[in-house]
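K.L.:
Contents of input06.cif (mmCIF, C-alpha atoms) are below:
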```
data_coords
#
loop_
_atom_site.group_PDB
_atom_site.id
_atom_site.type_symbol
_atom_site.label_atom_id
_atom_site.label_comp_id
_atom_site.auth_asym_id
_atom_site.auth_seq_id
_atom_site.Cartn_x
_atom_site.Cartn_y
_atom_site.Cartn_z
ATOM 1 C CA MET A 1 0.000 0.000 0.000
ATOM 2 C CA ASN A 2 1.445 3.345 -0.961
ATOM 3 C CA VAL A 3 1.437 6.546 1.086
ATOM 4 C CA LYS A 4 -1.412 8.075 -0.915
ATOM 5 C CA SER A 5 -3.695 5.067 -0.337
ATOM 6 C CA SER A 6 -2.813 5.026 3.344
ATOM 7 C CA LEU A 7 -3.665 8.703 3.653
ATOM 8 C CA TYR A 8 -7.079 8.199 1.984
ATOM 9 C CA LEU A 9 -7.800 5.253 4.257
ATOM 10 C CA LEU A 10 -6.858 7.301 7.322
ATOM 11 C CA LEU A 11 -9.059 10.246 6.245
ATOM 12 C CA PHE A 12 -11.977 7.932 5.527
ATOM 13 C CA SER A 13 -11.616 6.252 8.931
ATOM 14 C CA LEU A 14 -11.463 9.606 10.715
ATOM 15 C CA SER A 15 -14.564 10.885 8.940
ATOM 16 C CA LEU A 16 -16.479 7.716 9.892
ATOM 17 C CA MET A 17 -15.416 8.111 13.506
ATOM 18 C CA ALA A 18 -16.509 11.768 13.505
ATOM 19 C CA CYS A 19 -19.930 10.856 12.058
ATOM 20 C CA ARG A 20 -20.327 8.067 14.593
ATOM 21 C CA GLU A 21 -19.449 10.404 17.479
ATOM 22 C CA LYS A 22 -21.967 13.041 16.285
ATOM 23 C CA SER A 23 -24.677 10.410 15.881
ATOM 24 C CA SER A 24 -23.949 9.044 19.350
ATOM 25 C CA ASN A 25 -24.164 12.539 20.886
ATOM 26 C CA ASP A 26 -27.410 13.261 19.027
ATOM 27 C CA LEU A 27 -28.932 10.057 20.407
ATOM 28 C CA LYS A 28 -27.889 11.010 23.931
ATOM 29 C CA ASN A 29 -29.479 14.436 23.479
ATOM 30 C CA GLY A 30 -32.703 12.933 22.087
ATOM 31 C CA ALA A 31 -32.341 14.580 18.682
ATOM 32 C CA ILE A 32 -32.448 11.421 16.607
ATOM 33 C CA SER A 33 -34.876 8.551 16.873
ATOM 34 C CA ASN A 34 -35.121 5.562 14.525
ATOM 35 C CA GLY A 35 -32.682 7.186 12.119
ATOM 36 C CA LYS A 36 -34.880 10.246 11.646
ATOM 37 C CA LYS A 37 -34.380 13.649 13.155
ATOM 38 C CA GLU A 38 -37.092 14.320 15.705
ATOM 39 C CA CYS A 39 -38.041 17.965 15.973
ATOM 40 C CA LEU A 40 -40.892 17.882 18.442
ATOM 41 C CA THR A 41 -41.330 16.272 21.823
ATOM 42 C CA LYS A 42 -44.268 13.948 22.374
ATOM 43 C CA GLU A 43 -45.914 16.651 24.491
ATOM 44 C CA LYS A 44 -45.724 19.192 21.658
ATOM 45 C CA LYS A 45 -47.056 16.635 19.197
ATOM 46 C CA GLU A 46 -49.960 15.933 21.547
ATOM 47 C CA ALA A 47 -50.590 19.691 21.761
ATOM 48 C CA VAL A 48 -50.688 19.991 17.949
ATOM 49 C CA VAL A 49 -53.093 17.041 17.677
ATOM 50 C CA SER A 50 -55.281 18.476 20.452
ATOM 51 C CA GLU A 51 -55.475 21.908 18.817
ATOM 52 C CA ILE A 52 -56.521 20.339 15.525
ATOM 53 C CA LEU A 53 -59.126 18.069 17.141
ATOM 54 C CA TYR A 54 -60.602 21.037 19.035
ATOM 55 C CA THR A 55 -61.359 23.051 15.905
ATOM 56 C CA ASP A 56 -65.101 23.488 15.381
ATOM 57 C CA ASN A 57 -64.879 21.932 11.921
ATOM 58 C CA ILE A 58 -63.534 18.658 13.320
ATOM 59 C CA GLN A 59 -65.542 18.680 16.558
ATOM 60 C CA ARG A 60 -68.792 18.461 14.603
ATOM 61 C CA TYR A 61 -67.657 15.134 13.079
ATOM 62 C CA LEU A 62 -66.336 13.559 16.279
ATOM 63 C CA HIS A 63 -69.684 13.340 18.157
ATOM 64 C CA LEU A 64 -68.004 12.907 21.523
ATOM 65 C CA GLU A 65 -71.417 12.748 23.214
ATOM 66 C CA LEU A 66 -71.820 9.210 21.790
ATOM 67 C CA ALA A 67 -70.144 6.516 23.903
ATOM 68 C CA GLU A 68 -69.364 4.394 20.841
ATOM 69 C CA ARG A 69 -67.192 7.225 19.452
ATOM 70 C CA LEU A 70 -64.889 7.127 22.475
ATOM 71 C CA PRO A 71 -61.996 6.900 22.735
ATOM 72 C CA ILE A 72 -60.966 8.883 19.672
ATOM 73 C CA ARG A 73 -58.927 6.461 17.555
ATOM 74 C CA LEU A 74 -56.381 7.961 15.189
ATOM 75 C CA VAL A 75 -54.637 5.733 12.671
ATOM 76 C CA LYS A 76 -50.886 5.591 13.213
ATOM 77 C CA ASN A 77 -48.901 7.596 10.641
ATOM 78 C CA GLY A 78 -45.646 9.511 10.355
ATOM 79 C CA PHE A 79 -46.188 12.485 12.659
ATOM 80 C CA ILE A 80 -48.037 10.629 15.413
ATOM 81 C CA SER A 81 -46.414 7.197 15.084
ATOM 82 C CA ASP A 82 -44.458 7.596 18.332
ATOM 83 C CA LEU A 83 -47.564 8.552 20.340
ATOM 84 C CA SER A 84 -49.751 5.923 21.982
ATOM 85 C CA THR A 85 -52.523 7.151 24.272
ATOM 86 C CA PHE A 86 -53.123 10.569 25.783
ATOM 87 C CA ASN A 87 -55.954 12.602 27.266
ATOM 88 C CA LEU A 88 -57.442 15.677 25.649
ATOM 89 C CA SER A 89 -59.669 17.142 28.343
ATOM 90 C CA GLN A 90 -62.803 16.274 30.264
ATOM 91 C CA GLY A 91 -61.801 12.610 30.238
ATOM 92 C CA VAL A 92 -61.636 12.308 26.444
ATOM 93 C CA LYS A 93 -58.929 9.835 25.512
ATOM 94 C CA VAL A 94 -57.060 9.630 22.204
ATOM 95 C CA GLU A 95 -55.587 6.300 21.089
ATOM 96 C CA ILE A 96 -53.116 5.891 18.255
ATOM 97 C CA VAL A 97 -54.012 2.586 16.575
ATOM 98 C CA ASP A 98 -53.341 0.440 13.547
ATOM 99 C CA SER A 99 -56.181 0.620 11.032
ATOM 100 C CA ILE A 100 -57.459 -2.815 12.010
ATOM 101 C CA PRO A 101 -59.652 -4.174 13.669
ATOM 102 C CA LYS A 102 -62.093 -1.250 13.961
ATOM 103 C CA LYS A 103 -61.425 0.286 10.584
ATOM 104 C CA GLU A 104 -64.832 1.978 10.321
ATOM 105 C CA THR A 105 -64.406 3.927 13.581
ATOM 106 C CA ASN A 106 -60.752 4.891 13.164
ATOM 107 C CA LEU A 107 -60.032 8.445 12.116
ATOM 108 C CA ILE A 108 -57.153 9.594 9.958
ATOM 109 C CA LEU A 109 -55.157 12.650 10.974
ATOM 110 C CA SER A 110 -52.083 13.326 8.901
ATOM 111 C CA ILE A 111 -49.826 16.229 9.829
ATOM 112 C CA LYS A 112 -46.977 17.597 7.753
ATOM 113 C CA LEU A 113 -44.553 20.221 9.025
ATOM 114 C CA ASP A 114 -42.275 22.280 6.818
ATOM 115 C CA SER A 115 -39.092 21.655 8.809
ATOM 116 C CA CYS A 116 -37.709 21.210 12.284
ATOM 117 C CA GLU A 117 -38.460 24.876 12.794
ATOM 118 C CA TRP A 118 -42.139 23.811 12.498
ATOM 119 C CA LYS A 119 -43.357 27.341 12.002
ATOM 120 C CA LYS A 120 -45.867 26.223 9.397
ATOM 121 C CA GLY A 121 -47.452 22.978 8.316
ATOM 122 C CA SER A 122 -50.616 21.347 7.094
ATOM 123 C CA PHE A 123 -53.064 18.708 8.248
ATOM 124 C CA TYR A 124 -55.578 16.331 6.714
ATOM 125 C CA PHE A 125 -58.417 14.787 8.750
ATOM 126 C CA TYR A 126 -60.774 12.083 7.489
ATOM 127 C CA SER A 127 -63.713 10.425 9.283
ATOM 128 C CA PRO A 128 -65.006 7.251 7.579
ATOM 129 C CA ILE A 129 -68.189 7.228 9.695
ATOM 130 C CA GLU A 130 -69.138 10.750 8.628
ATOM 131 C CA ASN A 131 -67.432 10.425 5.245
ATOM 132 C CA SER A 132 -65.969 13.872 5.804
ATOM 133 C CA GLU A 133 -62.631 15.516 5.193
ATOM 134 C CA VAL A 134 -61.045 18.616 6.727
ATOM 135 C CA ASN A 135 -57.803 20.156 5.461
ATOM 136 C CA GLY A 136 -55.945 23.095 6.873
ATOM 137 C CA GLU A 137 -52.809 24.884 7.973
ATOM 138 C CA ILE A 138 -50.908 24.868 11.239
ATOM 139 C CA ILE A 139 -48.989 28.010 12.141
ATOM 140 C CA TYR A 140 -46.774 28.259 15.213
ATOM 141 C CA LYS A 141 -46.136 31.788 16.416
ATOM 142 C CA ASP A 142 -45.366 33.284 19.808
ATOM 143 C CA THR A 143 -45.503 29.889 21.594
ATOM 144 C CA SER A 144 -49.005 29.003 20.387
ATOM 145 C CA PHE A 145 -50.587 27.147 17.493
ATOM 146 C CA THR A 146 -53.071 28.654 15.107
ATOM 147 C CA ILE A 147 -55.181 26.208 13.132
ATOM 148 C CA LYS A 148 -56.731 27.472 9.935
ATOM 149 C CA VAL A 149 -59.261 25.266 8.147
ATOM 150 C CA ILE A 150 -59.022 25.583 4.384
ATOM 151 C CA LYS A 151 -61.404 22.865 3.222
ATOM 152 C CA ASP A 152 -64.260 21.083 5.017
ATOM 153 C CA ILE A 153 -66.154 18.562 2.892
ATOM 154 C CA GLU A 154 -68.914 16.038 3.630
ATOM 155 C CA PHE A 155 -69.164 13.516 0.817
#
```
Output the structure of this file as structure tokens.
P.N.:
Amino acid sequence: MNVKSSLYLLLFSLSLMACREKSSNDLKNGAISNGKKECLTKEKKEAVVSEILYTDNIQRYLHLELAERLPIRLVKNGFISDLSTFNLSQGVKVEIVDSIPKKETNLILSIKLDSCEWKKGSFYFYSPIENSEVNGEIIYKDTSFTIKVIKDIEF
């Protein structure tokens, strides 16, 4: 092996070690989970979900006064995949579930954020029981969320 090859091998090894050290530190600090950068804590994700579910447009499809509609079951997807069960208020529970076995009562809430800055994003809500869809924007400003409904459709 010549000097040039040895030097390349040394540089490559050092860069791998540097990447490994950064990744290890990020894991210790809670910045990376399952190979993806996590920008929001579970508590903040629950707050985003709660704000969306409390909009008037979505509340009218939830029918929380009916026992068979409780708990609220949201189908597991990207943004909420690391959540399991949490309480909204007044004893209303939210469960994050697979789409089976109660497919007809499970609701879909998909949330997309523009970046780890999460200043702006969008959401999509679908209720198979009501056959309704609500789309909107999420804006984070001055430590609070603003939810703006853009489209509310009953099919």
K.L.:
Might you pull out every residue within 12 Å of Phe86 of chain A, with all atoms listed in the file counted and same-chain residues fewer than 3 positions away left off, and present them as a list in words?
P.N.:
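Residues meeting the cut-off are Lys42, Glu43, Lys45, Glu46, Ala47, Val49, Ser50, Pro71, Ile72, Arg73, Leu74, Ile80, Asp82, Leu83, Ser89, Gly91, Val92, Lys93, Val94, Glu95 and Ile96 of chain A.
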K.L.:
Output C-alpha atoms for every residue in that selection, as a compact mmCIF listing (two decimals), keeping the file's coordinate frame.
P.N.:
```
# COMPACT_ATOMS: atom_id res chain seq x y z
CA LYS A 42 -44.27 13.95 22.37
CA GLU A 43 -45.91 16.65 24.49
CA LYS A 45 -47.06 16.64 19.20
CA GLU A 46 -49.96 15.93 21.55
CA ALA A 47 -50.59 19.69 21.76
CA VAL A 49 -53.09 17.04 17.68
CA SER A 50 -55.28 18.48 20.45
CA PRO A 71 -62.00 6.90 22.74
CA ILE A 72 -60.97 8.88 19.67
CA ARG A 73 -58.93 6.46 17.56
CA LEU A 74 -56.38 7.96 15.19
CA ILE A 80 -48.04 10.63 15.41
CA ASP A 82 -44.46 7.60 18.33
CA LEU A 83 -47.56 8.55 20.34
CA SER A 89 -59.67 17.14 28.34
CA GLY A 91 -61.80 12.61 30.24
CA VAL A 92 -61.64 12.31 26.44
CA LYS A 93 -58.93 9.84 25.51
CA VAL A 94 -57.06 9.63 22.20
CA GLU A 95 -55.59 6.30 21.09
CA ILE A 96 -53.12 5.89 18.26
```
K.L.:
Which residue, A:Glu154, A:Asp56, A:Glu51, A:Glu104, has the smallest gap to Glu68 of chain A when you use all atoms listed in the file?
P.N.:
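Among the listed residues, A:Glu104 lies closest to Glu68 of chain A.
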K.L.:
Once the PyMOL selection byres ((chain A and resi 75) around 12) has been evaluated on this model, what residues remain selected, and can you format them as a PyMOL selection string?
P.N.:
chain A and resi 72-74+76-85+94-111+125-128
K.L.:
Kindly give the distance, in Å, that separates atom CA of Ser122 of chain A and atom CA of Leu88 of chain A, rounded to a single decimal.
P.N.:
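Those two atoms sit 20.6 Å apart.
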K.L.:
For the file shown, report as a list in words the outcome of the PyMOL selection byres ((chain A and resi 136) around 7) at residue level.
P.N.:
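Against this file, the PyMOL selection byres ((chain A and resi 136) around 7) returns the residues Ser122, Phe123, Tyr124, Val134, Asn135, Glu137, Ile138, Lys148, Val149, Ile150 and Lys151 of chain A.
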K.L.:
Provide the atom CA of Thr146 of chain A to atom CA of Glu130 of chain A distance in Å, to one decimal place.
P.N.:
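Atom-to-atom, atom CA of Thr146 of chain A and atom CA of Glu130 of chain A are spaced 24.9 Å apart.
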K.L.:
Atom CA of Ala67 of chain A and atom CA of Ile153 of chain A, how far apart in Å?
P.N.:
24.5 Å
